[in-house]
2 protein chains.
Amino acid sequence: MPRKKIDILTYDATLRDGAQAEGVFLSTEDKIAIALKLDEFGIDYVEGGFPESNPTDIAFFKAIRMHTLRHARLAAFGATRRKKMKVENDPGIAALLAAGAPVVTIVGKSWDLHVRDVLKTPLDENLRMIEDTVRYLRRKRKEVVFDAEHFFDGFKADPDYALRCAVAAAEAGAQTVVLCDTNGGSLPEDVQRAAAEVRKVLDIPLGIHTHNDANLAVATTLAAVSAGATHVQGTVNGIGERCGNVDLCSVIPNLALKRNLKCTAARKLDELTDLSRFVSEVCNIVPRMHQPFVGLSAFAHKGGQHIDAILKNPRTYEHVPPESVGNERRLLLSDLAGRSTVVEKVKKFGLKRKGDVTNRILRKVQEREHEGYEFEAAEGSFELMVRKEIGRHRGFFDLEGFRVIIEKRENGQPVTEATVKIRVGNEVKLTVSEGDGPVNALDGALRNALREFYPAIREVRLVDFKVRVINPRAATAARVCVVIQSRDRKDVWGTVGVSENIIEASWQALVDSVEYKLLKDGTRSKR
Amino acid sequence: MPRKKIDILTYDATLRDGAQAEGVFLSTEDKIAIALKLDEFGIDYVEGGFPESNPTDIAFFKAIRMHTLRHARLAAFGATRRKKMKVENDPGIAALLAAGAPVVTIVGKSWDLHVRDVLKTPLDENLRMIEDTVRYLRRKRKEVVFDAEHFFDGFKADPDYALRCAVAAAEAGAQTVVLCDTNGGSLPEDVQRAAAEVRKVLDIPLGIHTHNDANLAVATTLAAVSAGATHVQGTVNGIGERCGNVDLCSVIPNLALKRNLKCTAARKLDELTDLSRFVSEVCNIVPRMHQPFVGLSAFAHKGGQHIDAILKNPRTYEHVPPESVGNERRLLLSDLAGRSTVVEKVKKFGLKRKGDVTNRILRKVQEREHEGYEFEAAEGSFELMVRKEIGRHRGFFDLEGFRVIIEKRENGQPVTEATVKIRVGNEVKLTVSEGDGPVNALDGALRNALREFYPAIREVRLVDFKVRVINPRAATAARVCVVIQSRDRKDVWGTVGVSENIIEASWQALVDSVEYKLLKDGTRSKR
């Protein structure tokens, strides 16, 4: 392991603290997908969950065993043993061990107020709870990370006691002691001062875990690093309870590009934007446009004078090169946005007057994006749009019409029926299908109609279906964006539709899915 | 004016820098509304716009004359005179004077790179541009604020030159020199060091203006205040170009509650959340749930142990009291939340055998959550579920049936029609409505059916509509969760529905919305 040369280790808590965010729900499959992505990116520790409190976390620890993490070490999270209980009898500790992760992260109190008001136990018993738990887990050959909860609030209230909690964990064998700003309200100067005091009394690696309640999480993390912390905990996109945890998408580039520190998580820094968007996608969160480093607007220039200066020298209005974090510059008043992507796509068609075509397509993309289309996860629809724009599209069928009826009687289940009428060449086909809902019924009817003409349609499976409301304030008249992922034996492709009518938006995405399939196969009608 | 006793003056740039944000467009009326709100709140300076570059800003300065600002001083923003031009002939300076604001904010270069690569003028000429402009505007009896653009980048590259720019403005008569981290990439320690150097050579008030590109804007602002800055510029909600300006909604409470500094803008600190939401509303921006201090989730607790502790002592997981910034605590229901949340909710019904009831409700919540219901943002549906569970629910109507038809012909727009048949007492009502989509049509038909019986239904507005696919891998047969937010003149409430059929899920949420409205009003049928 090359860790000796590394200045800072990163510890991701997206699957545990991140899942605490309001509006975030992660299935076991989602968690596996994120864990593998974090590993591939170069995160050193991945916290998988809190097995005692959450049944879906137990499922995660079981499922992850089928996969291999190449770099990251997996951590299970739990609390110190219960008061007045033997550690070996504690069900929480048993659940932690049952998770089977090589690293165990133990959270313990270090603020006297919490020991008194929440644990309602003597201050000394809390110290014993820390010691017993850490020592027991070390005997079980676990790597132990000790999260000193509320360390900075504790240090303010009773510095001596807070330090004793940290020392108790270290003396019991914890390999890392992490100072937590659990309530997210500490100022950077207070964090730096307290961390420096801990540094004086402990000679094991120190960590930092901060929250963003005072909008200072990145600053308090950097302050602790200045004071000697070498282990940094956070979540991708800063998702987490209340105002979130510190955003690793800000911390990692700040450490690497501003502080010139080495960390494995910065070796693929140019994939940071991709990591951020991947996690947003899996969590079904709308990415924050203005998010530092990785947001769509992070390097977007709108003012005319700014754009003019940027064209003279990008350093004039960019603190780091956008490509260093895998993001890109966008000049909003010009047609240059996303140009390189489009240039790239146009190139392969081998057209003349590439410049004109590129500009026309860029305008189309911007128009569509303005209407709410998202092409990032919809390469299929993008390709079809480009082909239509340059006259290289041929349709596979024409729609004569569809009708969907959803009917409910009293408290029974609703019944949904869709009819589709299409024309392929001179032949007209009318089909019908029931379904679990209107989109499912429509999908069924469309497939029934097409499969005689295009048998390859049978191979297509829809693997993902997402609905995003574009303008939620318009309530039930809001415009929605539907993104579908489809697959056959060889490929996976995404398609998109947008409309005030969710059925119409879904229909657009379904039609694109089918057309893209037939296009890529180079299919002709069998009839 | 009581300014002598004030430690920190606040300067709002929402109408100028904020309007540079991607996706923000402000009309003159919008700007007037925001300016009056900022004045009422207690902001000391309101920057109205950049008259030279923006025609709508000229309109704003004209229109604002019809109004009286009771506290705030209005500022017009512009650049130093053009190179090799007499200041009195410069059209930009003339536009600034024409704006008629008592304060003029002049931005000037202080980074040698910008003078060379963007202005393409000798370093000395830039100093004369600063001096001439400030002196001229002082002669015109304006209060002059000098924004030293890119001061910290300039100080890093050539500290001597950056300082000379600041001194030039001060010696020419500027009342305040503001150090700008224009690219938003500076670290707090660098800002503090540079500001302290300026403090040594200037004895006029110093200001700070930061951007959030490194996710450190609040920290760099506080660092400058530590070094002696007494004038703080920012925008409401941190809106601004790229990653935005520093968020005044974070800066003001940090200064007042954490640093114990006095500022007029903190006198109505308990109206901060209202200010934030007002500006989001006018800018037509979806408020950021996790925004520090003022976000909907800023004091929302989801984890069961956290909720349990909060009920024992709110300080355990809250860095400041939510009411201090006009926000409120929310205890979220989720599969991670424990018993105490439900206990709290059940308490108000004043039931006997609370334990049994609580257990029954907890089981119900868990069952429902397992099916995909989210009660976090659906207090309305939660209340109705509890009432049904304890036999305290009475229905307001019965559904006999509904039917929704969505029909599309060739490439036309789809037509949607919903019919609803309900029974209130012995009366049966059959209504129909068209709509933008199936949910909108169903909403219309339900309202048509109910309004004769319950006229208060007219007051209900649906303000938000969210769709989440619960098991996206099931593709078009996936189960969806629909969450609706409704409001009347007094309240806002959320309701939820879940089904494989999006129409059925929406129907459940619509029915709950209506029933919750009637329940809370204590309504009886008018017929």
# chains A, B, ... in the order shown; residues from 1 in each chain; ligands from 1
$ closest_atom_pairs --of "chain A" --to "chain B" --cutoff "6 Å" --atoms "only C-alpha atoms" --output "CSV"
residue,atom,partner,partner_atom,distance
A:Val118,CA,B:Ala309,CA,5.7
A:Asn183,CA,B:Tyr317,CA,5.4
A:Gly185,CA,B:His319,CA,5.0
A:Asp213,CA,B:Pro292,CA,5.0
A:Ala214,CA,B:Pro292,CA,5.9
A:Asn215,CA,B:Pro292,CA,5.8
A:Arg242,CA,B:Ala298,CA,4.5
A:Cys243,CA,B:His290,CA,4.3
A:His290,CA,B:Cys243,CA,4.3
A:Gln291,CA,B:Cys243,CA,5.9
A:Pro292,CA,B:Asp213,CA,5.0
A:Ser297,CA,B:Arg242,CA,5.0
A:Ala298,CA,B:Arg242,CA,4.5
A:Phe299,CA,B:Arg242,CA,5.7
A:Ala300,CA,B:Arg242,CA,5.5
A:Ala309,CA,B:Val118,CA,5.8
A:Tyr317,CA,B:Asn183,CA,5.4
A:Glu318,CA,B:Asn183,CA,5.9
A:His319,CA,B:Gly185,CA,5.0
A:Leu399,CA,B:Glu410,CA,5.1
A:Glu400,CA,B:Glu410,CA,4.5
A:Gly401,CA,B:Arg409,CA,4.1
A:Phe402,CA,B:Lys408,CA,5.3
A:Arg403,CA,B:Glu407,CA,4.3
A:Val404,CA,B:Ile406,CA,5.1
A:Ile405,CA,B:Ile405,CA,4.5
A:Ile406,CA,B:Val404,CA,5.1
A:Glu407,CA,B:Arg403,CA,4.3
A:Lys408,CA,B:Gly401,CA,5.2
A:Arg409,CA,B:Gly401,CA,4.1
A:Glu410,CA,B:Glu400,CA,4.5
A:Asp436,CA,B:Glu500,CA,5.7
A:Gly437,CA,B:Asn501,CA,3.9
A:Val439,CA,B:Thr476,CA,5.8
A:Asn440,CA,B:Thr476,CA,4.7
A:Leu462,CA,B:Ala475,CA,5.4
A:Val463,CA,B:Arg473,CA,4.9
A:Asp464,CA,B:Ala475,CA,4.6
A:Phe465,CA,B:Ala475,CA,4.7
A:Pro472,CA,B:Asp464,CA,4.8
A:Arg473,CA,B:Asp464,CA,4.9
A:Ala475,CA,B:Asp464,CA,4.6
A:Thr476,CA,B:Asn440,CA,4.8
A:Ala477,CA,B:Asn440,CA,5.5
A:Glu500,CA,B:Asp436,CA,5.8
A:Asn501,CA,B:Gly437,CA,4.0
$ write_last_selection --atoms "N, CA and C atoms" --output "short mmCIF file (atom, residue, chain, number, x, y, z; two decimals), in the first residue's frame"
data_model
loop_
_atom_site.label_atom_id
_atom_site.label_comp_id
_atom_site.auth_asym_id
_atom_site.auth_seq_id
_atom_site.Cartn_x
_atom_site.Cartn_y
_atom_site.Cartn_z
N VAL A 118 -28.13 13.56 27.70
CA VAL A 118 -28.62 12.55 26.76
C VAL A 118 -28.32 11.15 27.27
N ASN A 183 -22.49 19.67 15.37
CA ASN A 183 -23.57 20.64 15.17
C ASN A 183 -23.23 21.67 14.10
N GLY A 185 -21.48 24.31 14.05
CA GLY A 185 -21.53 25.72 14.39
C GLY A 185 -20.20 26.34 14.80
N ASP A 213 -23.55 23.82 9.15
CA ASP A 213 -24.63 24.66 9.68
C ASP A 213 -24.30 26.14 9.72
N ALA A 214 -23.01 26.49 9.83
CA ALA A 214 -22.64 27.91 9.83
C ALA A 214 -22.03 28.30 8.48
N ASN A 215 -22.18 27.40 7.47
CA ASN A 215 -21.63 27.65 6.13
C ASN A 215 -20.10 27.77 6.20
N ARG A 242 -29.57 18.13 8.14
CA ARG A 242 -29.67 19.59 8.30
C ARG A 242 -29.04 20.33 7.10
N CYS A 243 -27.88 20.95 7.30
CA CYS A 243 -27.23 21.69 6.21
C CYS A 243 -26.16 20.85 5.54
N HIS A 290 -24.74 25.93 -8.74
CA HIS A 290 -23.67 26.83 -8.31
C HIS A 290 -22.68 26.16 -7.36
N GLN A 291 -22.74 24.82 -7.27
CA GLN A 291 -21.83 24.10 -6.38
C GLN A 291 -20.37 24.39 -6.76
N PRO A 292 -19.54 24.75 -5.78
CA PRO A 292 -18.14 25.04 -6.10
C PRO A 292 -17.45 23.86 -6.80
N SER A 297 -22.59 25.71 -13.16
CA SER A 297 -22.27 27.13 -13.30
C SER A 297 -20.91 27.51 -12.72
N ALA A 298 -20.17 26.55 -12.17
CA ALA A 298 -18.95 26.89 -11.42
C ALA A 298 -17.93 27.64 -12.28
N PHE A 299 -17.95 27.37 -13.58
CA PHE A 299 -17.03 28.08 -14.47
C PHE A 299 -17.82 28.69 -15.63
N ALA A 300 -19.03 29.15 -15.32
CA ALA A 300 -19.90 29.77 -16.32
C ALA A 300 -19.74 31.28 -16.22
N ALA A 309 -12.42 39.14 -20.84
CA ALA A 309 -11.17 38.91 -20.12
C ALA A 309 -10.76 37.44 -20.15
N TYR A 317 -10.53 35.31 -14.48
CA TYR A 317 -11.75 35.07 -13.70
C TYR A 317 -11.98 33.61 -13.33
N GLU A 318 -10.88 32.82 -13.28
CA GLU A 318 -11.02 31.43 -12.85
C GLU A 318 -9.94 31.10 -11.83
N HIS A 319 -10.37 30.64 -10.65
CA HIS A 319 -9.39 30.40 -9.59
C HIS A 319 -8.57 29.14 -9.83
N LEU A 399 -46.52 7.62 -35.89
CA LEU A 399 -47.62 7.49 -34.93
C LEU A 399 -48.90 8.02 -35.56
N GLU A 400 -49.92 7.20 -35.57
CA GLU A 400 -51.23 7.73 -35.96
C GLU A 400 -51.95 8.25 -34.73
N GLY A 401 -51.67 7.61 -33.60
CA GLY A 401 -52.28 8.12 -32.38
C GLY A 401 -52.15 7.13 -31.23
N PHE A 402 -52.30 7.65 -30.04
CA PHE A 402 -52.43 6.74 -28.90
C PHE A 402 -53.53 7.26 -27.98
N ARG A 403 -54.04 6.36 -27.16
CA ARG A 403 -55.03 6.76 -26.17
C ARG A 403 -54.75 5.95 -24.91
N VAL A 404 -54.73 6.63 -23.78
CA VAL A 404 -54.54 5.94 -22.50
C VAL A 404 -55.74 6.24 -21.63
N ILE A 405 -56.30 5.21 -21.03
CA ILE A 405 -57.45 5.40 -20.14
C ILE A 405 -57.11 4.81 -18.77
N ILE A 406 -57.27 5.63 -17.74
CA ILE A 406 -57.06 5.14 -16.38
C ILE A 406 -58.40 5.29 -15.67
N GLU A 407 -58.87 4.20 -15.12
CA GLU A 407 -60.21 4.23 -14.55
C GLU A 407 -60.20 3.59 -13.18
N LYS A 408 -60.89 4.24 -12.25
CA LYS A 408 -60.94 3.71 -10.89
C LYS A 408 -62.38 3.74 -10.41
N ARG A 409 -62.80 2.67 -9.73
CA ARG A 409 -64.16 2.61 -9.18
C ARG A 409 -64.05 2.48 -7.68
N GLU A 410 -64.66 3.40 -6.96
CA GLU A 410 -64.62 3.41 -5.49
C GLU A 410 -63.21 3.15 -5.01
N ASP A 436 -49.38 -1.55 -15.32
CA ASP A 436 -49.42 -1.13 -13.91
C ASP A 436 -49.74 0.35 -13.78
N GLY A 437 -49.42 1.08 -14.81
CA GLY A 437 -49.70 2.51 -14.82
C GLY A 437 -49.70 2.95 -16.26
N VAL A 439 -47.71 4.67 -18.18
CA VAL A 439 -46.49 4.58 -18.98
C VAL A 439 -46.18 3.12 -19.30
N ASN A 440 -46.40 2.27 -18.30
CA ASN A 440 -46.19 0.84 -18.49
C ASN A 440 -47.12 0.29 -19.57
N LEU A 462 -36.22 -2.01 -20.35
CA LEU A 462 -36.09 -0.69 -19.71
C LEU A 462 -35.55 -0.92 -18.30
N VAL A 463 -34.43 -0.32 -17.99
CA VAL A 463 -33.79 -0.62 -16.70
C VAL A 463 -33.91 0.50 -15.69
N ASP A 464 -34.32 1.68 -16.14
CA ASP A 464 -34.41 2.77 -15.19
C ASP A 464 -35.41 3.78 -15.72
N PHE A 465 -36.07 4.43 -14.81
CA PHE A 465 -37.13 5.38 -15.18
C PHE A 465 -37.09 6.48 -14.13
N PRO A 472 -41.41 23.08 -10.12
CA PRO A 472 -42.34 22.54 -9.13
C PRO A 472 -43.41 23.54 -8.69
N ARG A 473 -43.13 24.84 -8.80
CA ARG A 473 -44.11 25.83 -8.37
C ARG A 473 -45.39 25.79 -9.19
N ALA A 475 -46.94 23.36 -9.76
CA ALA A 475 -47.71 22.27 -9.17
C ALA A 475 -48.14 21.25 -10.21
N THR A 476 -49.42 20.87 -10.23
CA THR A 476 -49.80 19.77 -11.12
C THR A 476 -49.73 20.15 -12.60
N ALA A 477 -49.57 21.45 -12.90
CA ALA A 477 -49.38 21.85 -14.29
C ALA A 477 -47.89 21.98 -14.61
N GLU A 500 -45.53 19.18 -20.27
CA GLU A 500 -46.40 19.43 -19.13
C GLU A 500 -47.18 18.15 -18.80
N ASN A 501 -47.28 17.28 -19.80
CA ASN A 501 -48.04 16.06 -19.65
C ASN A 501 -47.07 14.90 -19.47
#
$ calpha_fit_rmsd --fixed "chain B" --moving "chain A"
5.2 Å
$ residues_around --residues "Arg141 in chain B" --least-positions-apart "6" --cutoff "10 Å" --atoms "only C-alpha atoms" --output "PyMOL selection string"
chain B and resi 102-103+135
$ residues_around --residues "range 161-168 of chain A" --least-positions-apart "6" --cutoff "7 Å" --atoms "only C-alpha atoms" --output "PyMOL selection string"
chain A and resi 110-111+127+130-131+148+151+154-155+177+198+202
$ write_last_selection --atoms "all heavy atoms" --output "tab-separated table (two decimals), in the first residue's frame"
chain	number	residue	atom	x	y	z
A	110	SER	N	-18.09	13.44	23.71
A	110	SER	CA	-16.95	14.14	24.31
A	110	SER	C	-17.37	15.51	24.84
A	110	SER	O	-16.55	16.33	25.18
A	110	SER	CB	-15.82	14.27	23.29
A	110	SER	OG	-16.22	15.04	22.17
A	111	TRP	N	-18.71	15.71	24.90
A	111	TRP	CA	-19.25	16.98	25.43
A	111	TRP	C	-20.00	16.62	26.71
A	111	TRP	O	-20.95	15.81	26.66
A	111	TRP	CB	-20.18	17.60	24.39
A	111	TRP	CG	-20.76	18.95	24.71
A	111	TRP	CD1	-20.46	19.75	25.79
A	111	TRP	CD2	-21.74	19.68	23.94
A	111	TRP	NE1	-21.17	20.93	25.72
A	111	TRP	CE2	-21.97	20.91	24.60
A	111	TRP	CE3	-22.43	19.41	22.76
A	111	TRP	CZ2	-22.86	21.86	24.11
A	111	TRP	CZ3	-23.32	20.36	22.28
A	111	TRP	CH2	-23.54	21.58	22.95
A	127	LEU	N	-16.26	7.62	29.80
A	127	LEU	CA	-14.86	7.32	29.46
A	127	LEU	C	-14.67	5.80	29.38
A	127	LEU	O	-14.00	5.29	28.47
A	127	LEU	CB	-13.91	7.91	30.50
A	127	LEU	CG	-13.82	9.45	30.53
A	127	LEU	CD1	-12.97	9.92	31.71
A	127	LEU	CD2	-13.26	9.99	29.22
A	130	ILE	N	-16.07	4.37	26.21
A	130	ILE	CA	-15.15	4.57	25.08
A	130	ILE	C	-14.03	3.52	25.12
A	130	ILE	O	-13.79	2.80	24.14
A	130	ILE	CB	-14.54	6.00	25.12
A	130	ILE	CG1	-15.65	7.05	24.92
A	130	ILE	CG2	-13.44	6.15	24.08
A	130	ILE	CD1	-15.19	8.50	25.15
A	131	GLU	N	-13.38	3.44	26.27
A	131	GLU	CA	-12.24	2.51	26.41
A	131	GLU	C	-12.64	1.07	26.10
A	131	GLU	O	-12.00	0.40	25.30
A	131	GLU	CB	-11.71	2.56	27.84
A	131	GLU	CG	-10.83	3.75	28.14
A	131	GLU	CD	-10.71	3.98	29.66
A	131	GLU	OE1	-11.10	3.08	30.45
A	131	GLU	OE2	-10.27	5.07	30.03
A	148	ALA	N	-14.98	11.48	17.85
A	148	ALA	CA	-15.30	12.19	19.09
A	148	ALA	C	-16.40	13.20	18.78
A	148	ALA	O	-16.15	14.31	18.31
A	148	ALA	CB	-14.05	12.88	19.63
A	151	PHE	N	-16.84	17.28	19.53
A	151	PHE	CA	-15.59	17.57	20.23
A	151	PHE	C	-15.39	19.06	20.49
A	151	PHE	O	-14.97	19.48	21.57
A	151	PHE	CB	-14.38	17.02	19.44
A	151	PHE	CG	-13.11	17.27	20.20
A	151	PHE	CD1	-12.73	16.43	21.24
A	151	PHE	CD2	-12.32	18.38	19.93
A	151	PHE	CE1	-11.59	16.67	21.99
A	151	PHE	CE2	-11.18	18.64	20.67
A	151	PHE	CZ	-10.81	17.79	21.70
A	154	GLY	N	-17.67	20.42	23.07
A	154	GLY	CA	-17.18	19.87	24.33
A	154	GLY	C	-15.93	20.59	24.82
A	154	GLY	O	-15.81	20.93	26.00
A	155	PHE	N	-15.04	20.87	23.89
A	155	PHE	CA	-13.78	21.54	24.24
A	155	PHE	C	-14.05	22.94	24.77
A	155	PHE	O	-13.37	23.44	25.66
A	155	PHE	CB	-12.86	21.60	23.03
A	155	PHE	CG	-11.47	22.06	23.34
A	155	PHE	CD1	-10.50	21.16	23.80
A	155	PHE	CD2	-11.11	23.40	23.19
A	155	PHE	CE1	-9.20	21.59	24.11
A	155	PHE	CE2	-9.82	23.83	23.49
A	155	PHE	CZ	-8.86	22.92	23.95
A	177	VAL	N	-8.16	9.20	15.81
A	177	VAL	CA	-9.17	9.91	16.59
A	177	VAL	C	-9.65	11.08	15.74
A	177	VAL	O	-8.85	11.91	15.28
A	177	VAL	CB	-8.62	10.41	17.93
A	177	VAL	CG1	-9.58	11.41	18.58
A	177	VAL	CG2	-8.40	9.23	18.88
A	198	VAL	N	-5.17	19.10	20.94
A	198	VAL	CA	-5.22	17.64	20.87
A	198	VAL	C	-3.90	17.11	20.30
A	198	VAL	O	-3.34	16.13	20.80
A	198	VAL	CB	-6.40	17.15	19.99
A	198	VAL	CG1	-6.45	15.63	19.96
A	198	VAL	CG2	-7.71	17.71	20.52
A	202	LEU	N	-1.78	13.88	21.76
A	202	LEU	CA	-1.93	12.59	21.08
A	202	LEU	C	-0.90	12.45	19.97
A	202	LEU	O	-0.69	13.38	19.21
A	202	LEU	CB	-3.32	12.46	20.45
A	202	LEU	CG	-4.53	12.24	21.33
A	202	LEU	CD1	-5.74	11.92	20.46
A	202	LEU	CD2	-4.29	11.11	22.32
$ select_by_dssp --residues "range 201-395 of chain B" --states "alpha helix (DSSP H)" --output "VMD selection string"
chain B and resid 201 217 to 226 248 to 253 272 to 283 304 to 312 339 to 347 354 to 371 379 to 389
$ select_by_dssp --residues "range 223-380 of chain A" --states "strand (DSSP E)" --output "ChimeraX atom specification"
/A:231-234,300-301,330-331
$ write_last_selection --atoms "C-alpha atoms" --output "compact mmCIF listing (two decimals), in the first residue's frame"
# COMPACT_ATOMS: atom_id res chain seq x y z
CA HIS A 231 -7.74 12.16 7.99
CA VAL A 232 -10.68 14.02 6.48
CA GLN A 233 -14.28 12.85 6.62
CA GLY A 234 -17.03 14.20 4.39
CA ALA A 300 -19.90 29.77 -16.32
CA HIS A 301 -19.27 33.37 -17.31
CA ARG A 330 -19.21 27.85 -20.26
CA LEU A 331 -19.54 31.25 -21.88
$ residues_around --residues "Leu384 in chain A" --least-positions-apart "4" --cutoff "8 Å" --atoms "only C-alpha atoms" --output "ChimeraX atom specification"
/A:380,388,393,512,516
$ write_last_selection --atoms "N, CA, C and O atoms" --output "mmCIF file, in the first residue's frame"
data_model
loop_
_atom_site.group_PDB
_atom_site.id
_atom_site.type_symbol
_atom_site.label_atom_id
_atom_site.label_comp_id
_atom_site.auth_asym_id
_atom_site.auth_seq_id
_atom_site.Cartn_x
_atom_site.Cartn_y
_atom_site.Cartn_z
ATOM 1 N N GLY A 380 -28.817 8.757 -26.231
ATOM 2 C CA GLY A 380 -29.668 8.264 -27.310
ATOM 3 C C GLY A 380 -30.457 9.403 -27.932
ATOM 4 O O GLY A 380 -30.448 9.591 -29.157
ATOM 5 N N LYS A 388 -31.441 14.387 -36.780
ATOM 6 C CA LYS A 388 -32.593 15.103 -37.352
ATOM 7 C C LYS A 388 -32.133 16.454 -37.879
ATOM 8 O O LYS A 388 -32.530 16.889 -38.958
ATOM 9 N N HIS A 393 -31.635 11.482 -40.346
ATOM 10 C CA HIS A 393 -32.527 10.625 -39.574
ATOM 11 C C HIS A 393 -33.569 10.013 -40.491
ATOM 12 O O HIS A 393 -34.134 10.700 -41.332
ATOM 13 N N ASP A 512 -37.892 7.494 -28.488
ATOM 14 C CA ASP A 512 -36.457 7.657 -28.718
ATOM 15 C C ASP A 512 -35.697 6.379 -28.378
ATOM 16 O O ASP A 512 -34.757 6.002 -29.075
ATOM 17 N N TYR A 516 -33.531 4.622 -31.191
ATOM 18 C CA TYR A 516 -32.084 4.536 -31.017
ATOM 19 C C TYR A 516 -31.615 3.089 -31.138
ATOM 20 O O TYR A 516 -30.595 2.805 -31.750
#
$ residues_around --residues "Thr230 in chain A" --least-positions-apart "2" --cutoff "8 Å" --atoms "only C-alpha atoms" --output "short mmCIF file (atom, residue, chain, number, x, y, z; two decimals) with N, CA and C atoms, in the first residue's frame"
data_model
loop_
_atom_site.label_atom_id
_atom_site.label_comp_id
_atom_site.auth_asym_id
_atom_site.auth_seq_id
_atom_site.Cartn_x
_atom_site.Cartn_y
_atom_site.Cartn_z
N ASP A 7 -0.22 12.47 2.30
CA ASP A 7 -0.38 13.46 3.38
C ASP A 7 -1.73 13.34 4.07
N ILE A 8 -2.78 13.14 3.27
CA ILE A 8 -4.14 13.18 3.80
C ILE A 8 -4.92 11.96 3.31
N LEU A 9 -5.59 11.27 4.23
CA LEU A 9 -6.49 10.18 3.88
C LEU A 9 -7.93 10.72 3.86
N PRO A 205 -2.68 9.43 14.37
CA PRO A 205 -3.31 10.29 13.36
C PRO A 205 -4.62 10.92 13.85
N LEU A 206 -4.77 12.20 13.55
CA LEU A 206 -5.98 12.93 13.92
C LEU A 206 -6.86 13.12 12.69
N GLY A 207 -8.17 13.06 12.91
CA GLY A 207 -9.09 13.29 11.80
C GLY A 207 -10.02 14.46 12.10
N VAL A 225 -6.81 20.69 9.37
CA VAL A 225 -5.65 20.19 8.62
C VAL A 225 -4.43 21.07 8.92
N GLY A 228 -2.83 19.97 11.93
CA GLY A 228 -2.20 18.65 11.93
C GLY A 228 -3.09 17.46 11.64
N VAL A 232 -9.59 13.08 6.72
CA VAL A 232 -10.68 14.02 6.48
C VAL A 232 -11.95 13.27 6.12
#
$ residues_around --residues "range 359-365 of chain B" --least-positions-apart "3" --cutoff "8 Å" --atoms "only C-alpha atoms" --output "PyMOL selection string"
chain B and resi 339+342+355-356+368-369+386+389
$ atom_distance --atom1 "CA of Glu452 in chain A" --atom2 "CA of Val483 in chain A"
26.4 Å
